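Have a look at the structure below, then the notes.
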Amino acid sequence: GSILLRGKQIAGRKMHEIARAGIGYVPENRNIFPTLTVRQNLILGIKDLRAKGRWSIDDMFDMFPNLRERADVLGSVISGGEQQILALARCLVGRPKLILLDEPTEGIQPSIIDQISGKLSELATALNLTILLVEQNLPFIAALAQRILIIQRGEIVAKIHPDDLSNKEIVDEYLGI
């Protein structure tokens, strides 16, 4: 297949080229650097220190104050929820136009999930940020999504509205929960 961004093929391009095209990615396993501090992890997220329009490390600390408190702590020492916030902040610091999130709520406590959901909703609205989310946490999906595609075996089998996630019949039909 192919993957187009603004009409240009991005499949097969190098990761740094994809990042420069405005795509950010937060993988399921977070992929923070455990032997680097929170601040150093954020610095690695900046694609070009001279780039205009990018956020600074202090901007990320303002968005996620708990990271400021842990700025000089190694990534391996912070909690799983803090690691997820760090991975998200590292993605955001380059100010992408599209963020790909893979299971961002997996294994983290509800208060952190609420913090992430609130911040993503705020940023999506304020910055016209597009978020492509792969997730199983239905309330998190409903809080963020404008539309939901149900995919089975690589095929889109349904398009539903976030409000439909509160409809037990729809959830049972498509998600088998």
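Labeling convention for the structure tokens: chains A, B, ... as they appear, residues from 1 per chain, ligands from 1 in order of appearance.
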
As a JSON list (two decimals) with N, CA, C and O atoms, in the first residue's frame, list the residues of segment 17-154 of chain A assigned to strand (DSSP E) by DSSP on the backbone atoms of this structure.
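To be explicit, this is the file written out as part25.json:
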```json
[["chain", "number", "residue", "atom", "x", "y", "z"],
["A", 23, "ILE", "N", 5.15, 14.63, 11.33],
["A", 23, "ILE", "CA", 4.50, 13.50, 11.98],
["A", 23, "ILE", "C", 5.26, 13.15, 13.25],
["A", 23, "ILE", "O", 6.47, 12.97, 13.24],
["A", 24, "GLY", "N", 4.52, 13.05, 14.34],
["A", 24, "GLY", "CA", 5.07, 12.61, 15.61],
["A", 24, "GLY", "C", 4.52, 11.24, 15.95],
["A", 24, "GLY", "O", 3.41, 10.89, 15.53],
["A", 25, "TYR", "N", 5.26, 10.46, 16.72],
["A", 25, "TYR", "CA", 4.86, 9.09, 17.03],
["A", 25, "TYR", "C", 5.17, 8.78, 18.49],
["A", 25, "TYR", "O", 6.28, 9.04, 18.95],
["A", 26, "VAL", "N", 4.17, 8.23, 19.17],
["A", 26, "VAL", "CA", 4.37, 7.74, 20.53],
["A", 26, "VAL", "C", 4.01, 6.26, 20.51],
["A", 26, "VAL", "O", 2.84, 5.90, 20.43],
["A", 98, "LEU", "N", 0.63, 16.04, 12.92],
["A", 98, "LEU", "CA", -0.07, 14.77, 13.07],
["A", 98, "LEU", "C", 0.67, 13.94, 14.11],
["A", 98, "LEU", "O", 1.90, 13.80, 14.03],
["A", 99, "ILE", "N", -0.08, 13.40, 15.06],
["A", 99, "ILE", "CA", 0.52, 12.53, 16.07],
["A", 99, "ILE", "C", -0.11, 11.15, 15.95],
["A", 99, "ILE", "O", -1.33, 11.01, 15.90],
["A", 100, "LEU", "N", 0.74, 10.13, 15.92],
["A", 100, "LEU", "CA", 0.30, 8.74, 15.93],
["A", 100, "LEU", "C", 0.50, 8.21, 17.35],
["A", 100, "LEU", "O", 1.63, 8.23, 17.85],
["A", 101, "LEU", "N", -0.57, 7.78, 17.98],
["A", 101, "LEU", "CA", -0.51, 7.27, 19.34],
["A", 101, "LEU", "C", -0.92, 5.81, 19.35],
["A", 101, "LEU", "O", -2.02, 5.47, 18.91],
["A", 102, "ASP", "N", -0.06, 4.96, 19.86],
["A", 102, "ASP", "CA", -0.34, 3.52, 19.93],
["A", 102, "ASP", "C", -0.55, 3.13, 21.38],
["A", 102, "ASP", "O", 0.40, 3.10, 22.16],
["A", 130, "THR", "N", -3.87, 16.96, 14.40],
["A", 130, "THR", "CA", -4.55, 15.71, 14.07],
["A", 130, "THR", "C", -3.94, 14.58, 14.89],
["A", 130, "THR", "O", -2.72, 14.47, 14.98],
["A", 131, "ILE", "N", -4.80, 13.76, 15.48],
["A", 131, "ILE", "CA", -4.34, 12.65, 16.30],
["A", 131, "ILE", "C", -4.92, 11.37, 15.71],
["A", 131, "ILE", "O", -6.14, 11.24, 15.57],
["A", 132, "LEU", "N", -4.05, 10.44, 15.38],
["A", 132, "LEU", "CA", -4.46, 9.11, 14.94],
["A", 132, "LEU", "C", -4.16, 8.19, 16.11],
["A", 132, "LEU", "O", -3.01, 8.04, 16.52],
["A", 133, "LEU", "N", -5.22, 7.59, 16.64],
["A", 133, "LEU", "CA", -5.15, 6.87, 17.89],
["A", 133, "LEU", "C", -5.52, 5.40, 17.70],
["A", 133, "LEU", "O", -6.55, 5.09, 17.12],
["A", 134, "VAL", "N", -4.66, 4.51, 18.19],
["A", 134, "VAL", "CA", -4.99, 3.09, 18.29],
["A", 134, "VAL", "C", -5.13, 2.84, 19.78],
["A", 134, "VAL", "O", -4.18, 3.04, 20.54],
["A", 148, "ILE", "N", -14.58, 7.45, 14.58],
["A", 148, "ILE", "CA", -13.95, 6.20, 14.97],
["A", 148, "ILE", "C", -14.10, 5.21, 13.82],
["A", 148, "ILE", "O", -15.20, 5.03, 13.29],
["A", 149, "LEU", "N", -13.00, 4.59, 13.47],
["A", 149, "LEU", "CA", -13.01, 3.54, 12.45],
["A", 149, "LEU", "C", -12.73, 2.22, 13.15],
["A", 149, "LEU", "O", -11.75, 2.11, 13.89],
["A", 150, "ILE", "N", -13.58, 1.26, 12.92],
["A", 150, "ILE", "CA", -13.38, -0.08, 13.47],
["A", 150, "ILE", "C", -12.68, -0.89, 12.38],
["A", 150, "ILE", "O", -13.18, -1.03, 11.27],
["A", 151, "ILE", "N", -11.51, -1.41, 12.72],
["A", 151, "ILE", "CA", -10.71, -2.16, 11.75],
["A", 151, "ILE", "C", -10.58, -3.60, 12.24],
["A", 151, "ILE", "O", -10.23, -3.84, 13.39],
["A", 152, "GLN", "N", -10.88, -4.52, 11.34],
["A", 152, "GLN", "CA", -10.70, -5.95, 11.62],
["A", 152, "GLN", "C", -9.94, -6.57, 10.47],
["A", 152, "GLN", "O", -10.30, -6.38, 9.31]]
```

Return as a PDB file with C-alpha atoms, in the first residue's frame the full set of residues in segment 78-146 of chain A whose backbone-based DSSP assignment is alpha helix (DSSP H).
```pdb
ATOM      1  CA  GLY A  80       5.065   4.237  33.821  1.00  0.00           C
ATOM      2  CA  GLY A  81       2.565   7.084  33.667  1.00  0.00           C
ATOM      3  CA  GLU A  82       5.354   9.651  33.838  1.00  0.00           C
ATOM      4  CA  GLN A  83       7.182   7.758  31.095  1.00  0.00           C
ATOM      5  CA  GLN A  84       4.056   7.970  28.934  1.00  0.00           C
ATOM      6  CA  ILE A  85       3.795  11.718  29.547  1.00  0.00           C
ATOM      7  CA  LEU A  86       7.502  12.054  28.741  1.00  0.00           C
ATOM      8  CA  ALA A  87       7.057  10.128  25.487  1.00  0.00           C
ATOM      9  CA  LEU A  88       4.140  12.383  24.558  1.00  0.00           C
ATOM     10  CA  ALA A  89       6.047  15.562  25.471  1.00  0.00           C
ATOM     11  CA  ARG A  90       9.089  14.361  23.501  1.00  0.00           C
ATOM     12  CA  CYS A  91       6.807  13.883  20.507  1.00  0.00           C
ATOM     13  CA  LEU A  92       5.126  17.273  20.949  1.00  0.00           C
ATOM     14  CA  PRO A 110      -6.577   6.858  35.630  1.00  0.00           C
ATOM     15  CA  SER A 111      -5.369  10.284  36.826  1.00  0.00           C
ATOM     16  CA  ILE A 112      -2.532  10.215  34.259  1.00  0.00           C
ATOM     17  CA  ILE A 113      -4.971   9.067  31.557  1.00  0.00           C
ATOM     18  CA  ASP A 114      -7.200  12.048  32.402  1.00  0.00           C
ATOM     19  CA  GLN A 115      -4.212  14.404  32.255  1.00  0.00           C
ATOM     20  CA  ILE A 116      -3.143  13.083  28.846  1.00  0.00           C
ATOM     21  CA  SER A 117      -6.684  13.184  27.484  1.00  0.00           C
ATOM     22  CA  GLY A 118      -7.208  16.753  28.648  1.00  0.00           C
ATOM     23  CA  LYS A 119      -3.923  17.988  27.221  1.00  0.00           C
ATOM     24  CA  LEU A 120      -4.429  16.251  23.874  1.00  0.00           C
ATOM     25  CA  SER A 121      -7.965  17.642  23.550  1.00  0.00           C
ATOM     26  CA  GLU A 122      -6.693  21.113  24.344  1.00  0.00           C
ATOM     27  CA  LEU A 123      -3.828  20.903  21.844  1.00  0.00           C
ATOM     28  CA  ALA A 124      -5.920  19.347  19.088  1.00  0.00           C
ATOM     29  CA  THR A 125      -8.354  22.253  19.288  1.00  0.00           C
ATOM     30  CA  ALA A 126      -5.851  25.066  19.814  1.00  0.00           C
ATOM     31  CA  LEU A 127      -3.338  23.946  17.182  1.00  0.00           C
ATOM     32  CA  LEU A 138     -13.325   3.357  25.256  1.00  0.00           C
ATOM     33  CA  PRO A 139     -13.768   6.430  27.514  1.00  0.00           C
ATOM     34  CA  PHE A 140     -10.368   7.751  26.364  1.00  0.00           C
ATOM     35  CA  ILE A 141     -11.365   7.233  22.732  1.00  0.00           C
ATOM     36  CA  ALA A 142     -14.728   8.919  23.260  1.00  0.00           C
ATOM     37  CA  ALA A 143     -13.061  11.918  24.929  1.00  0.00           C
ATOM     38  CA  LEU A 144     -10.631  12.489  22.046  1.00  0.00           C
TER      39      LEU A 144
END
```

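Interatomic distance, atom CA of Leu129 of chain A against atom CA of Gly1 of chain A: 24.8 Å.
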
Pick from A:Asp59, A:Thr105, A:Ser2, A:Asn128 nearest to Arg30 of chain A, counting only C-alpha atoms: A:Thr105

Polymer residues at most 10 Å from Gln40 of chain A, only C-alpha atoms, same-chain spacing of 5 or more positions, as a VMD selection string: chain A and resid 33 35 45 57 71 to 75 90

So that I have them on file, write out the residues from the current selection with N, CA, C and O atoms, as a CSV table (one decimal), in the first residue's frame.
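Result file follows (again-v5.csv):
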```
chain,number,residue,atom,x,y,z
A,33,PHE,N,14.4,7.0,26.6
A,33,PHE,CA,15.8,6.5,26.8
A,33,PHE,C,16.0,6.4,28.3
A,33,PHE,O,16.1,7.4,29.0
A,35,THR,N,18.4,5.6,30.3
A,35,THR,CA,19.7,6.1,30.9
A,35,THR,C,19.9,7.6,30.7
A,35,THR,O,20.9,8.1,31.1
A,45,GLY,N,13.9,15.1,21.4
A,45,GLY,CA,12.7,15.2,20.6
A,45,GLY,C,12.7,16.4,19.7
A,45,GLY,O,11.8,16.6,18.8
A,57,ILE,N,11.9,23.3,25.8
A,57,ILE,CA,11.8,22.3,26.9
A,57,ILE,C,10.9,22.9,28.0
A,57,ILE,O,10.1,22.3,28.6
A,71,ALA,N,12.8,16.7,36.1
A,71,ALA,CA,13.7,17.0,34.9
A,71,ALA,C,15.1,16.4,35.0
A,71,ALA,O,15.6,16.0,33.9
A,72,ASP,N,15.6,16.2,36.1
A,72,ASP,CA,17.0,15.7,36.2
A,72,ASP,C,17.0,14.2,36.7
A,72,ASP,O,18.1,13.7,37.1
A,73,VAL,N,15.9,13.6,36.6
A,73,VAL,CA,15.7,12.1,37.0
A,73,VAL,C,15.9,11.3,35.8
A,73,VAL,O,15.3,11.6,34.7
A,74,LEU,N,16.5,10.1,35.9
A,74,LEU,CA,16.6,9.2,34.8
A,74,LEU,C,15.3,8.7,34.4
A,74,LEU,O,14.4,8.4,35.2
A,75,GLY,N,15.1,8.4,33.1
A,75,GLY,CA,13.9,7.9,32.5
A,75,GLY,C,13.5,6.5,33.1
A,75,GLY,O,12.3,6.2,33.3
A,90,ARG,N,8.0,14.5,24.5
A,90,ARG,CA,9.1,14.4,23.5
A,90,ARG,C,8.6,14.4,22.1
A,90,ARG,O,9.2,15.0,21.2
```

Leaving out Ser56 of chain A and any residue of its chain fewer than 6 positions from it, which residues lie within 9 Å of it when counting only C-alpha atoms, given as number ranges by chain? A: 43, 46, 93-94

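Reported to one decimal place, the separation of atom CA of Val77 of chain A from atom CA of Val38 of chain A is 9.9 Å.
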
What is the atom CA of His161 of chain A to atom CA of Pro104 of chain A distance in Å? 20.5 Å

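Nearest residue to Glu135 of chain A among A:Ile78, A:Glu106, A:Leu42, A:Phe64 is A:Glu106, counting only C-alpha atoms.
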